[in-house]
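Okay, data-v3.txt is below, compact mmCIF, C-alpha atoms:
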# COMPACT_ATOMS: atom_id res chain seq x y z
CA MET A 1 -66.40 5.23 29.82
CA LYS A 2 -67.41 2.79 27.13
CA ILE A 3 -67.26 -0.93 26.51
CA VAL A 4 -65.34 -2.08 23.44
CA ASN A 5 -65.71 -5.45 21.77
CA ILE A 6 -62.37 -7.22 21.30
CA PHE A 7 -63.64 -10.45 19.81
CA ALA A 8 -67.22 -11.42 19.27
CA ASN A 9 -69.34 -12.16 22.28
CA ARG A 10 -66.48 -13.29 24.45
CA LEU A 11 -63.90 -10.61 25.24
CA TYR A 12 -64.55 -6.94 25.91
CA ALA A 13 -62.51 -4.11 27.37
CA PHE A 14 -63.27 -0.81 29.02
CA GLN A 15 -62.15 2.36 27.30
CA TYR A 16 -62.08 5.02 30.00
CA SER A 17 -63.05 8.62 29.37
CA GLY A 18 -60.19 10.64 27.93
CA ASN A 19 -58.24 7.57 26.76
CA ALA A 20 -57.68 7.06 23.06
CA GLU A 21 -57.46 3.28 23.36
CA ASN A 22 -59.25 0.51 25.17
CA GLU A 23 -57.39 -1.03 28.12
CA LEU A 24 -56.19 -4.17 26.32
CA LYS A 25 -54.87 -2.31 23.28
CA TYR A 26 -53.14 0.20 25.57
CA LEU A 27 -51.51 -2.49 27.72
CA LEU A 28 -50.21 -4.54 24.80
CA ASN A 29 -48.84 -1.36 23.23
CA ILE A 30 -46.90 -0.22 26.30
CA TRP A 31 -45.61 -3.74 26.98
CA ASN A 32 -44.07 -3.64 23.51
CA ASP A 33 -42.74 -0.10 23.89
CA THR A 34 -39.03 -0.18 24.82
CA SER A 35 -38.96 3.47 25.83
CA TYR A 36 -41.94 3.06 28.18
CA LEU A 37 -40.49 -0.11 29.73
CA TYR A 38 -37.07 1.49 30.22
CA LYS A 39 -38.59 4.47 32.07
CA PHE A 40 -40.91 2.24 34.13
CA LEU A 41 -38.09 -0.09 35.20
CA LYS A 42 -35.75 2.77 36.11
CA ALA A 43 -38.54 4.17 38.30
CA ASN A 44 -39.12 0.74 39.91
CA LYS A 45 -35.50 -0.43 40.02
CA ASN A 46 -35.72 -1.37 43.70
CA ASP A 47 -38.35 -3.99 42.90
CA ILE A 48 -36.27 -5.93 40.38
CA GLY A 49 -33.34 -6.73 42.64
CA LYS A 50 -30.15 -7.83 40.96
CA ILE A 51 -31.71 -8.59 37.59
CA SER A 52 -30.61 -6.14 34.92
CA ILE A 53 -33.08 -3.72 33.36
CA GLU A 54 -32.16 -5.11 29.91
CA GLY A 55 -32.94 -8.64 31.12
CA ILE A 56 -36.36 -7.67 32.48
CA ILE A 57 -37.24 -5.71 29.33
CA ASP A 58 -36.42 -8.77 27.22
CA GLN A 59 -38.55 -10.92 29.51
CA ILE A 60 -41.53 -8.54 29.47
CA ILE A 61 -41.48 -8.21 25.68
CA ASP A 62 -41.28 -11.99 25.28
CA ASP A 63 -44.14 -12.43 27.74
CA ALA A 64 -46.25 -9.78 26.00
CA ASN A 65 -45.69 -11.71 22.78
CA GLU A 66 -46.88 -14.89 24.50
CA ILE A 67 -50.04 -13.06 25.61
CA ASP A 68 -50.54 -11.88 22.01
CA LYS A 69 -50.33 -15.48 20.83
CA THR A 70 -52.66 -16.75 23.58
CA LEU A 71 -55.31 -14.12 22.83
CA HIS A 72 -55.00 -14.74 19.10
CA TRP A 73 -55.44 -18.46 19.71
CA LEU A 74 -58.52 -17.86 21.86
CA ALA A 75 -59.96 -15.44 19.30
CA THR A 76 -59.53 -17.80 16.37
CA ASN A 77 -60.63 -20.96 18.17
CA LYS A 78 -64.18 -20.33 19.21
CA ASN A 79 -64.43 -23.59 21.13
CA GLU A 80 -61.61 -22.55 23.43
CA ASN A 81 -62.75 -21.11 26.76
CA LEU A 82 -61.30 -17.79 27.97
CA GLU A 83 -61.42 -19.30 31.44
CA LYS A 84 -58.11 -20.96 30.54
CA PHE A 85 -56.46 -17.54 30.59
CA PHE A 86 -58.50 -15.55 33.10
CA LYS A 87 -58.07 -17.22 36.48
CA GLN A 88 -59.55 -16.09 39.80
CA LEU A 89 -57.79 -13.02 41.21
CA ASN A 90 -58.47 -14.31 44.67
CA ASN A 91 -56.92 -17.78 44.82
CA LEU A 92 -59.32 -18.75 47.62
CA GLU A 93 -62.44 -17.96 45.56
CA THR A 94 -64.56 -21.02 44.91
CA GLY A 95 -67.87 -21.69 43.24
CA TYR A 96 -69.91 -19.32 41.10
CA LYS A 97 -69.55 -15.64 41.86
CA VAL A 98 -71.29 -12.78 40.11
CA LEU A 99 -68.76 -10.51 38.39
CA SER A 100 -65.84 -12.52 39.69
CA LEU A 101 -62.51 -10.64 39.71
CA ARG A 102 -60.06 -12.26 37.32
CA LYS A 103 -56.47 -12.04 36.16
CA GLY A 104 -54.65 -13.24 33.07
CA ARG A 105 -50.96 -13.55 33.85
CA LYS A 106 -47.59 -14.23 32.32
CA ASN A 107 -44.69 -13.83 34.74
CA TYR A 108 -44.67 -10.12 35.70
CA LEU A 109 -47.59 -9.16 33.44
CA ARG A 110 -51.20 -9.02 34.59
CA ILE A 111 -54.43 -8.35 32.73
CA TYR A 112 -57.33 -7.76 35.09
CA ALA A 113 -60.89 -8.61 34.14
CA LEU A 114 -64.38 -9.29 35.41
CA LYS A 115 -66.20 -12.46 34.51
CA ILE A 116 -69.58 -11.60 33.02
CA ASP A 117 -70.69 -15.14 32.32
CA ASP A 118 -69.28 -18.43 31.05
CA ASN A 119 -66.63 -17.67 28.45
CA CYS A 120 -67.39 -13.93 28.61
CA PHE A 121 -65.00 -11.44 30.22
CA ILE A 122 -64.40 -7.69 30.32
CA ILE A 123 -60.92 -6.28 30.81
CA THR A 124 -60.61 -3.42 33.30
CA GLY A 125 -56.84 -2.84 33.14
CA GLY A 126 -53.49 -4.43 33.80
CA ALA A 127 -50.04 -3.97 35.24
CA ILE A 128 -46.42 -5.02 35.48
CA LYS A 129 -46.40 -6.56 38.93
CA PHE A 130 -43.17 -7.31 40.82
CA THR A 131 -44.60 -7.51 44.33
CA HIS A 132 -46.56 -10.32 45.92
CA LEU A 133 -49.67 -8.28 46.72
CA MET A 134 -51.48 -5.68 44.64
CA GLU A 135 -51.76 -3.53 47.77
CA GLU A 136 -47.98 -3.12 47.93
CA ARG A 137 -47.51 -0.67 45.06
CA GLU A 138 -49.36 2.43 43.96
CA HIS A 139 -49.79 1.37 40.33
CA THR A 140 -51.27 -2.02 41.30
CA ILE A 141 -53.52 -0.43 43.98
CA LYS A 142 -54.91 1.72 41.17
CA GLU A 143 -55.69 -1.42 39.14
CA LEU A 144 -57.45 -2.99 42.10
CA GLN A 145 -59.56 0.18 42.42
CA LYS A 146 -60.38 0.04 38.70
CA LEU A 147 -61.58 -3.55 39.12
CA GLU A 148 -63.81 -2.60 42.03
CA GLN A 149 -65.15 0.53 40.29
CA ALA A 150 -65.91 -1.46 37.13
CA LYS A 151 -67.75 -4.04 39.20
CA GLN A 152 -69.76 -1.32 40.92
CA TYR A 153 -70.53 0.30 37.55
CA LEU A 154 -71.80 -2.96 36.06
CA THR A 155 -73.72 -3.89 39.20
CA GLY A 156 -75.27 -0.41 39.20
CA LYS A 157 -76.42 -1.04 35.64
CA GLY A 158 -78.04 -4.29 36.71
CA VAL A 159 -75.50 -6.54 35.02
CA PHE A 160 -75.35 -9.91 36.68
CA ASP A 161 -75.24 -12.29 33.71
CA THR A 162 -74.68 -12.29 29.95
CA ASP A 163 -78.20 -11.17 29.04
CA SER A 164 -78.12 -8.13 31.30
CA PHE A 165 -74.63 -7.29 30.04
CA TYR A 166 -75.81 -7.39 26.42
CA GLU A 167 -78.69 -5.16 27.44
CA LEU A 168 -76.21 -2.61 28.79
CA ILE A 169 -74.15 -2.76 25.59
CA SER A 170 -77.26 -2.25 23.50
CA GLU A 171 -78.34 0.73 25.61
CA GLN A 172 -74.88 2.22 25.31
CA ASN A 173 -74.92 1.95 21.55
CA ASP A 174 -78.45 3.32 21.28
CA LYS A 175 -77.29 6.61 22.85
CA MET B 176 -85.41 -8.42 18.81
CA THR B 177 -83.80 -9.70 22.00
CA ASN B 178 -81.01 -7.88 23.76
CA LYS B 179 -78.55 -10.52 22.60
CA GLU B 180 -79.65 -10.23 18.97
CA LYS B 181 -79.33 -6.46 19.16
CA PHE B 182 -75.86 -6.86 20.61
CA LEU B 183 -74.71 -9.40 17.99
CA LYS B 184 -75.79 -7.00 15.26
CA LEU B 185 -73.54 -4.37 16.80
CA VAL B 186 -70.63 -6.83 17.07
CA ALA B 187 -70.38 -7.11 13.30
CA GLU B 188 -69.74 -3.39 13.08
CA SER B 189 -67.33 -3.24 15.94
CA ASP B 190 -63.75 -2.02 15.76
CA ASP B 191 -61.37 -4.96 15.70
CA SER B 192 -58.16 -2.93 15.65
CA THR B 193 -56.88 -4.54 18.88
CA LEU B 194 -56.92 -7.97 17.29
CA GLU B 195 -55.39 -6.56 14.09
CA GLN B 196 -52.49 -5.15 16.10
CA ILE B 197 -52.01 -8.51 17.81
CA LYS B 198 -51.85 -10.21 14.40
CA TYR B 199 -49.37 -7.58 13.13
CA ARG B 200 -47.03 -8.11 16.10
CA ILE B 201 -47.15 -11.91 15.71
CA LYS B 202 -46.43 -11.67 11.97
CA ASN B 203 -43.60 -9.13 12.37
CA ARG B 204 -42.14 -10.54 15.56
CA ALA B 205 -38.54 -10.92 14.27
CA MET B 206 -38.37 -7.35 12.89
CA LEU B 207 -39.94 -5.86 16.03
CA ARG B 208 -37.58 -7.80 18.29
CA GLU B 209 -34.55 -6.38 16.46
CA SER B 210 -36.04 -2.90 16.56
CA GLN B 211 -36.64 -3.24 20.32
CA LYS B 212 -33.05 -4.38 20.92
CA ILE B 213 -31.70 -1.41 18.95
CA ALA B 214 -34.03 0.93 20.85
CA LEU B 215 -32.68 -0.34 24.16
CA LYS B 216 -29.06 0.15 23.04
CA VAL B 217 -29.92 3.72 22.02
CA LEU B 218 -31.68 4.50 25.32
CA MET B 219 -28.82 3.12 27.40
CA LYS B 220 -26.18 4.95 25.37
CA LEU B 221 -28.10 8.23 25.66
CA ASP B 222 -28.11 7.76 29.44
CA GLU B 223 -24.40 6.98 29.44
CA LEU B 224 -23.62 10.08 27.37
CA GLY B 225 -26.10 12.26 29.25
CA TRP B 226 -27.72 13.16 25.94
CA SER B 227 -31.38 14.02 25.47
CA GLN B 228 -33.39 12.55 22.61
CA LYS B 229 -33.54 16.08 21.22
CA LYS B 230 -29.75 16.25 21.06
CA LEU B 231 -29.63 12.93 19.20
CA ALA B 232 -32.24 14.27 16.78
CA GLU B 233 -30.02 17.26 16.06
CA LYS B 234 -26.95 15.07 15.55
CA MET B 235 -28.86 12.77 13.20
CA GLU B 236 -30.59 15.69 11.48
CA VAL B 237 -34.03 14.17 12.01
CA SER B 238 -37.08 15.31 13.95
CA PRO B 239 -37.46 14.56 17.69
CA GLN B 240 -40.62 12.65 16.74
CA GLN B 241 -38.48 10.33 14.62
CA ILE B 242 -36.20 9.62 17.61
CA ASN B 243 -39.28 9.00 19.71
CA LYS B 244 -40.38 6.35 17.23
CA ILE B 245 -36.90 4.77 17.14
CA VAL B 246 -36.68 4.41 20.94
CA SER B 247 -40.18 2.94 21.16
CA GLY B 248 -38.83 -0.11 19.31
CA LYS B 249 -41.75 -0.29 16.90
CA GLU B 250 -40.09 1.08 13.78
CA ASN B 251 -38.84 -0.87 10.80
CA LEU B 252 -35.55 1.04 10.71
CA THR B 253 -33.94 1.81 7.36
CA LEU B 254 -30.33 0.89 6.74
CA GLU B 255 -29.53 4.61 6.62
CA THR B 256 -30.98 5.14 10.11
CA GLN B 257 -29.11 2.14 11.49
CA ILE B 258 -25.78 3.41 10.09
CA LYS B 259 -26.39 6.89 11.53
CA LEU B 260 -27.19 5.48 14.96
CA GLN B 261 -24.15 3.21 14.87
CA ASN B 262 -21.75 5.95 13.83
CA ILE B 263 -23.08 8.79 15.98
CA LEU B 264 -23.57 6.79 19.17
CA ASP B 265 -20.76 4.28 18.60
CA ILE B 266 -23.04 1.32 19.38
CA PRO B 267 -22.98 -2.05 17.63
CA ILE B 268 -25.99 -2.43 15.34
CA LEU B 269 -24.66 -3.85 12.08
CA ALA B 270 -22.01 -6.54 11.57
CA THR B 271 -19.69 -3.87 10.14
CA TYR B 272 -19.26 -2.46 13.65
CA TYR B 273 -17.42 -5.56 14.79
CA GLU B 274 -15.68 -6.08 11.45
CA ASN B 275 -14.21 -2.58 11.57
CA LEU B 276 -13.28 -3.02 15.21
CA THR B 277 -11.54 -6.29 14.48
CA ASN B 278 -9.55 -4.68 11.71
CA GLU B 279 -8.49 -1.89 14.02
CA ILE B 280 -7.57 -3.71 17.17
CA SER B 281 -6.82 -7.26 16.15
CA GLN B 282 -3.72 -6.25 14.40
CA VAL B 283 -1.06 -8.90 14.36
CA PHE B 284 2.32 -7.61 15.20
CA GLN B 285 4.98 -9.79 13.70
CA VAL B 286 8.62 -8.84 13.90
CA SER B 287 11.50 -10.80 12.58
CA GLU B 288 15.05 -9.89 13.33
CA THR B 289 18.06 -11.29 11.71
CA GLU B 290 21.67 -10.89 12.54
CA LYS B 291 24.80 -12.01 11.05
CA TYR B 292 25.87 -15.35 12.35
CA SER B 293 29.46 -16.37 12.20
CA SER B 294 30.03 -20.05 12.19
CA PRO B 295 32.80 -21.19 14.50
CA THR B 296 35.77 -21.59 12.24
CA HIS B 297 37.24 -24.40 14.31
CA GLN B 298 34.32 -26.62 13.52
CA SER B 299 34.27 -26.21 9.78
CA GLY B 300 37.66 -24.84 9.17
CA LEU B 301 36.11 -22.40 6.80
CA LEU B 302 35.08 -18.87 7.22
CA GLU B 303 31.52 -18.66 6.39
CA GLU B 304 28.75 -16.36 7.16
CA ILE B 305 25.14 -17.34 7.13
CA LEU B 306 22.01 -15.51 8.11
CA LEU B 307 19.77 -17.13 10.64
CA PRO B 308 16.75 -15.73 12.30
CA LYS B 309 17.59 -14.86 15.84
CA LYS B 310 14.16 -14.44 17.25
CA GLU B 311 10.64 -14.29 16.01
CA PHE B 312 7.82 -13.04 18.06
CA LYS B 313 4.19 -12.40 17.41
CA MET B 314 1.58 -10.44 19.36
CA GLU B 315 -2.13 -10.83 18.90
CA TYR B 316 -4.72 -8.68 20.60
CA ASP B 317 -7.69 -10.54 22.05
CA SER B 318 -10.71 -8.18 22.11
CA ASN B 319 -12.55 -10.37 24.61
CA THR B 320 -9.88 -10.49 27.31
CA LYS B 321 -8.41 -7.14 26.21
CA GLU B 322 -4.94 -8.65 26.50
CA TYR B 323 -2.15 -9.34 24.12
CA GLU B 324 -1.27 -12.94 23.43
CA TYR B 325 2.47 -13.20 23.06
CA TYR B 326 4.22 -15.86 21.11
CA GLN B 327 7.96 -16.19 20.86
CA LYS B 328 10.09 -18.44 18.84
CA LEU B 329 13.82 -18.65 19.21
CA ALA B 330 16.06 -19.67 16.37
Just give me the structure as structure tokens.
Amino acid sequence: MKIVNIFANRLYAFQYSGNAENELKYLLNIWNDTSYLYKFLKANKNDIGKISIEGIIDQIIDDANEIDKTLHWLATNKNENLEKFFKQLNNLETGYKVLSLRKGRKNYLRIYALKIDDNCFIITGGAIKFTHLMEEREHTIKELQKLEQAKQYLTGKGVFDTDSFYELISEQNDK
Amino acid sequence: MTNKEKFLKLVAESDDSTLEQIKYRIKNRAMLRESQKIALKVLMKLDELGWSQKKLAEKMEVSPQQINKIVSGKENLTLETQIKLQNILDIPILATYYENLTNEISQVFQVSETEKYSSPTHQSGLLEEILLPKKEFKMEYDSNTKEYEYYQKLA
């Protein structure tokens, strides 16, 4: 497992062992892959109700494009805060929380992240979510587990703010 | 050197391919959107026909990897590929699909019949014969409603 820099000092993503791409790159690729979406929606047809598979695919691709544009905007405007995109995963969470669980969302699409510090986030994964709760489907349960495991990993490495996170990155790259 | 300084030095050397891909998709949005729509038509038609992607590859005389790229919706498809897909799968991709269809099924049937008409001799006092159209009718096929529109005109 390694940490990949997406854009300087602000957005990072995990690249898990055995995966060729970091989590953000992988998610944006599959959300733009018609073949993947077609298979996924056929397998989860019961969750989409009366909406046609073609309609949902169009929606997902349009939403993925909106996420592309949002991330590009945040990357090219350094004064913009990533907090605008990554909201609290737990809607009841208030105040400052170390390694707060976050989500970036656009309709059915979710990008999950941990907040390292102000305007500094690390992406742990993401999903196409049709149900109200993450606990309701296997693929979203897996994402919840990834969030928790990532938090444990960073906590285990002593990461609780930006400085300790940078220390971890430096150690990782020294190896 | 502080941890942050060490980190920032590493940032400059980092791989920014994720952001490059984002920029590529934004720049080529229109092309990718068309490619994705074609991919979906292909996938749905394959399901309808019960064909595998391998079978389509054989029919198109291309590699299965090429079909895999087509159905991912990320390829800038050549005109040749689009024509092959349209003809082999009978799916609308190019405007010619509808143009050819219109020529085939929107045929206008127009029939005119004439018959000899004999003018009543008591009215004119002369024997004369003129030709008048007895009936004209026209049928047009509407591809949307799949029904014939029928027009009739009596002489």
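Shortest atom-to-atom contact with chain B among A:Gly55, A:Gly18, A:Gly104, A:Gly126: A:Gly55, counting only C-alpha atoms.
If you look at atom CA of Ile213 of chain B and atom CA of Gly248 of chain B, they are 7.3 Å away from each other.
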Residue list for chain A near chain B as a VMD selection string, 10 Å, all atoms listed in the file: chain A and resid 4 to 9 21 to 26 28 to 30 32 to 39 53 to 54 57 to 58 61 to 62 65 to 69 71 to 72 75 162 to 171 173
Counting all atoms listed in the file, the option among A:Ile116, A:Leu27, A:Leu109, A:Leu101 closest to Lys146 of chain A: A:Leu101
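Nearest residue to Lys106 of chain A among A:Glu148, A:Asp174, A:Asp161, A:Asp63 is A:Asp63, counting only C-alpha atoms.
Going from atom CA of Asn46 of chain A to atom CA of Glu209 of chain B covers 27.7 Å.
Contact shell of Lys97 of chain A at 12 Å (all atoms listed in the file; same-chain neighbours under 6 positions omitted): Gln88, Asn90, Leu114, Lys115, Ile116, Asp117, Asp118, Phe160 and Asp161 of chain A.
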Given 5 Å of margin on each side, can you work out the centre and size in Å (one decimal) of an axis-aligned box holding every listed atom of segment 2-8 of chain A, as AutoDock Vina command-line options?
--center_x -64.9 --center_y -4.3 --center_z 23.2 --size_x 15.0 --size_y 24.2 --size_z 17.9
Point-to-point distance from atom CA of Ile3 of chain A to atom CA of Asn203 of chain B, Å rounded to tenths: 28.8 Å
Serialized segment 34-67 of chain A w/ N, CA and C atoms as a PDB file, in the first residue's frame:
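Output saved as part-v6.pdb:
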ATOM      1  N   THR A  34     -18.064   2.244 -20.273  1.00  0.00           N
ATOM      2  CA  THR A  34     -19.430   1.791 -20.551  1.00  0.00           C
ATOM      3  C   THR A  34     -19.607   0.302 -20.261  1.00  0.00           C
ATOM      4  N   SER A  35     -18.628  -0.484 -20.630  1.00  0.00           N
ATOM      5  CA  SER A  35     -18.712  -1.927 -20.440  1.00  0.00           C
ATOM      6  C   SER A  35     -18.793  -2.275 -18.942  1.00  0.00           C
ATOM      7  N   TYR A  36     -17.950  -1.624 -18.141  1.00  0.00           N
ATOM      8  CA  TYR A  36     -17.982  -1.854 -16.694  1.00  0.00           C
ATOM      9  C   TYR A  36     -19.344  -1.462 -16.123  1.00  0.00           C
ATOM     10  N   LEU A  37     -19.818  -0.277 -16.511  1.00  0.00           N
ATOM     11  CA  LEU A  37     -21.091   0.227 -15.964  1.00  0.00           C
ATOM     12  C   LEU A  37     -22.254  -0.680 -16.355  1.00  0.00           C
ATOM     13  N   TYR A  38     -22.239  -1.158 -17.588  1.00  0.00           N
ATOM     14  CA  TYR A  38     -23.312  -2.035 -18.075  1.00  0.00           C
ATOM     15  C   TYR A  38     -23.373  -3.325 -17.244  1.00  0.00           C
ATOM     16  N   LYS A  39     -22.190  -3.910 -17.012  1.00  0.00           N
ATOM     17  CA  LYS A  39     -22.132  -5.151 -16.202  1.00  0.00           C
ATOM     18  C   LYS A  39     -22.570  -4.868 -14.759  1.00  0.00           C
ATOM     19  N   PHE A  40     -22.076  -3.769 -14.195  1.00  0.00           N
ATOM     20  CA  PHE A  40     -22.398  -3.431 -12.804  1.00  0.00           C
ATOM     21  C   PHE A  40     -23.903  -3.215 -12.629  1.00  0.00           C
ATOM     22  N   LEU A  41     -24.512  -2.504 -13.583  1.00  0.00           N
ATOM     23  CA  LEU A  41     -25.939  -2.194 -13.444  1.00  0.00           C
ATOM     24  C   LEU A  41     -26.806  -3.423 -13.687  1.00  0.00           C
ATOM     25  N   LYS A  42     -26.365  -4.310 -14.559  1.00  0.00           N
ATOM     26  CA  LYS A  42     -27.130  -5.557 -14.755  1.00  0.00           C
ATOM     27  C   LYS A  42     -27.093  -6.384 -13.461  1.00  0.00           C
ATOM     28  N   ALA A  43     -25.929  -6.368 -12.798  1.00  0.00           N
ATOM     29  CA  ALA A  43     -25.783  -7.125 -11.548  1.00  0.00           C
ATOM     30  C   ALA A  43     -26.560  -6.486 -10.388  1.00  0.00           C
ATOM     31  N   ASN A  44     -26.821  -5.180 -10.499  1.00  0.00           N
ATOM     32  CA  ASN A  44     -27.522  -4.464  -9.409  1.00  0.00           C
ATOM     33  C   ASN A  44     -28.860  -3.892  -9.879  1.00  0.00           C
ATOM     34  N   LYS A  45     -29.472  -4.587 -10.823  1.00  0.00           N
ATOM     35  CA  LYS A  45     -30.691  -4.084 -11.481  1.00  0.00           C
ATOM     36  C   LYS A  45     -31.822  -3.826 -10.469  1.00  0.00           C
ATOM     37  N   ASN A  46     -31.869  -4.661  -9.439  1.00  0.00           N
ATOM     38  CA  ASN A  46     -32.949  -4.502  -8.449  1.00  0.00           C
ATOM     39  C   ASN A  46     -32.875  -3.177  -7.693  1.00  0.00           C
ATOM     40  N   ASP A  47     -31.676  -2.591  -7.652  1.00  0.00           N
ATOM     41  CA  ASP A  47     -31.515  -1.343  -6.908  1.00  0.00           C
ATOM     42  C   ASP A  47     -31.919  -0.106  -7.697  1.00  0.00           C
ATOM     43  N   ILE A  48     -32.100  -0.259  -9.016  1.00  0.00           N
ATOM     44  CA  ILE A  48     -32.354   0.960  -9.810  1.00  0.00           C
ATOM     45  C   ILE A  48     -33.832   1.135 -10.159  1.00  0.00           C
ATOM     46  N   GLY A  49     -34.649   0.217  -9.702  1.00  0.00           N
ATOM     47  CA  GLY A  49     -36.089   0.351  -9.896  1.00  0.00           C
ATOM     48  C   GLY A  49     -36.490   0.381 -11.359  1.00  0.00           C
ATOM     49  N   LYS A  50     -37.356   1.344 -11.676  1.00  0.00           N
ATOM     50  CA  LYS A  50     -37.909   1.385 -13.027  1.00  0.00           C
ATOM     51  C   LYS A  50     -37.048   2.174 -14.011  1.00  0.00           C
ATOM     52  N   ILE A  51     -35.989   2.777 -13.502  1.00  0.00           N
ATOM     53  CA  ILE A  51     -35.132   3.571 -14.397  1.00  0.00           C
ATOM     54  C   ILE A  51     -34.356   2.608 -15.299  1.00  0.00           C
ATOM     55  N   SER A  52     -34.230   2.977 -16.575  1.00  0.00           N
ATOM     56  CA  SER A  52     -33.544   2.088 -17.511  1.00  0.00           C
ATOM     57  C   SER A  52     -32.037   2.090 -17.247  1.00  0.00           C
ATOM     58  N   ILE A  53     -31.406   0.981 -17.602  1.00  0.00           N
ATOM     59  CA  ILE A  53     -29.947   0.884 -17.465  1.00  0.00           C
ATOM     60  C   ILE A  53     -29.269   1.971 -18.299  1.00  0.00           C
ATOM     61  N   GLU A  54     -29.796   2.203 -19.516  1.00  0.00           N
ATOM     62  CA  GLU A  54     -29.202   3.232 -20.395  1.00  0.00           C
ATOM     63  C   GLU A  54     -29.269   4.611 -19.712  1.00  0.00           C
ATOM     64  N   GLY A  55     -30.418   4.876 -19.069  1.00  0.00           N
ATOM     65  CA  GLY A  55     -30.598   6.169 -18.414  1.00  0.00           C
ATOM     66  C   GLY A  55     -29.607   6.363 -17.277  1.00  0.00           C
ATOM     67  N   ILE A  56     -29.405   5.309 -16.492  1.00  0.00           N
ATOM     68  CA  ILE A  56     -28.478   5.405 -15.348  1.00  0.00           C
ATOM     69  C   ILE A  56     -27.041   5.540 -15.841  1.00  0.00           C
ATOM     70  N   ILE A  57     -26.706   4.802 -16.909  1.00  0.00           N
ATOM     71  CA  ILE A  57     -25.334   4.902 -17.444  1.00  0.00           C
ATOM     72  C   ILE A  57     -25.064   6.335 -17.890  1.00  0.00           C
ATOM     73  N   ASP A  58     -26.020   6.922 -18.604  1.00  0.00           N
ATOM     74  CA  ASP A  58     -25.872   8.318 -19.046  1.00  0.00           C
ATOM     75  C   ASP A  58     -25.660   9.239 -17.850  1.00  0.00           C
ATOM     76  N   GLN A  59     -26.455   9.017 -16.813  1.00  0.00           N
ATOM     77  CA  GLN A  59     -26.377   9.851 -15.610  1.00  0.00           C
ATOM     78  C   GLN A  59     -25.015   9.710 -14.937  1.00  0.00           C
ATOM     79  N   ILE A  60     -24.557   8.463 -14.782  1.00  0.00           N
ATOM     80  CA  ILE A  60     -23.273   8.225 -14.103  1.00  0.00           C
ATOM     81  C   ILE A  60     -22.121   8.866 -14.871  1.00  0.00           C
ATOM     82  N   ILE A  61     -22.145   8.698 -16.199  1.00  0.00           N
ATOM     83  CA  ILE A  61     -21.059   9.275 -17.005  1.00  0.00           C
ATOM     84  C   ILE A  61     -21.082  10.809 -16.917  1.00  0.00           C
ATOM     85  N   ASP A  62     -22.268  11.384 -16.958  1.00  0.00           N
ATOM     86  CA  ASP A  62     -22.372  12.847 -16.816  1.00  0.00           C
ATOM     87  C   ASP A  62     -21.872  13.288 -15.438  1.00  0.00           C
ATOM     88  N   ASP A  63     -22.230  12.531 -14.407  1.00  0.00           N
ATOM     89  CA  ASP A  63     -21.801  12.884 -13.055  1.00  0.00           C
ATOM     90  C   ASP A  63     -20.289  12.724 -12.883  1.00  0.00           C
ATOM     91  N   ALA A  64     -19.736  11.671 -13.492  1.00  0.00           N
ATOM     92  CA  ALA A  64     -18.283  11.465 -13.428  1.00  0.00           C
ATOM     93  C   ALA A  64     -17.578  12.640 -14.099  1.00  0.00           C
ATOM     94  N   ASN A  65     -18.171  13.129 -15.180  1.00  0.00           N
ATOM     95  CA  ASN A  65     -17.595  14.286 -15.864  1.00  0.00           C
ATOM     96  C   ASN A  65     -17.654  15.538 -14.978  1.00  0.00           C
ATOM     97  N   GLU A  66     -18.727  15.662 -14.221  1.00  0.00           N
ATOM     98  CA  GLU A  66     -18.844  16.797 -13.293  1.00  0.00           C
ATOM     99  C   GLU A  66     -17.772  16.705 -12.204  1.00  0.00           C
ATOM    100  N   ILE A  67     -17.515  15.474 -11.734  1.00  0.00           N
ATOM    101  CA  ILE A  67     -16.460  15.289 -10.723  1.00  0.00           C
ATOM    102  C   ILE A  67     -15.100  15.640 -11.324  1.00  0.00           C
TER     103      ILE A  67
END
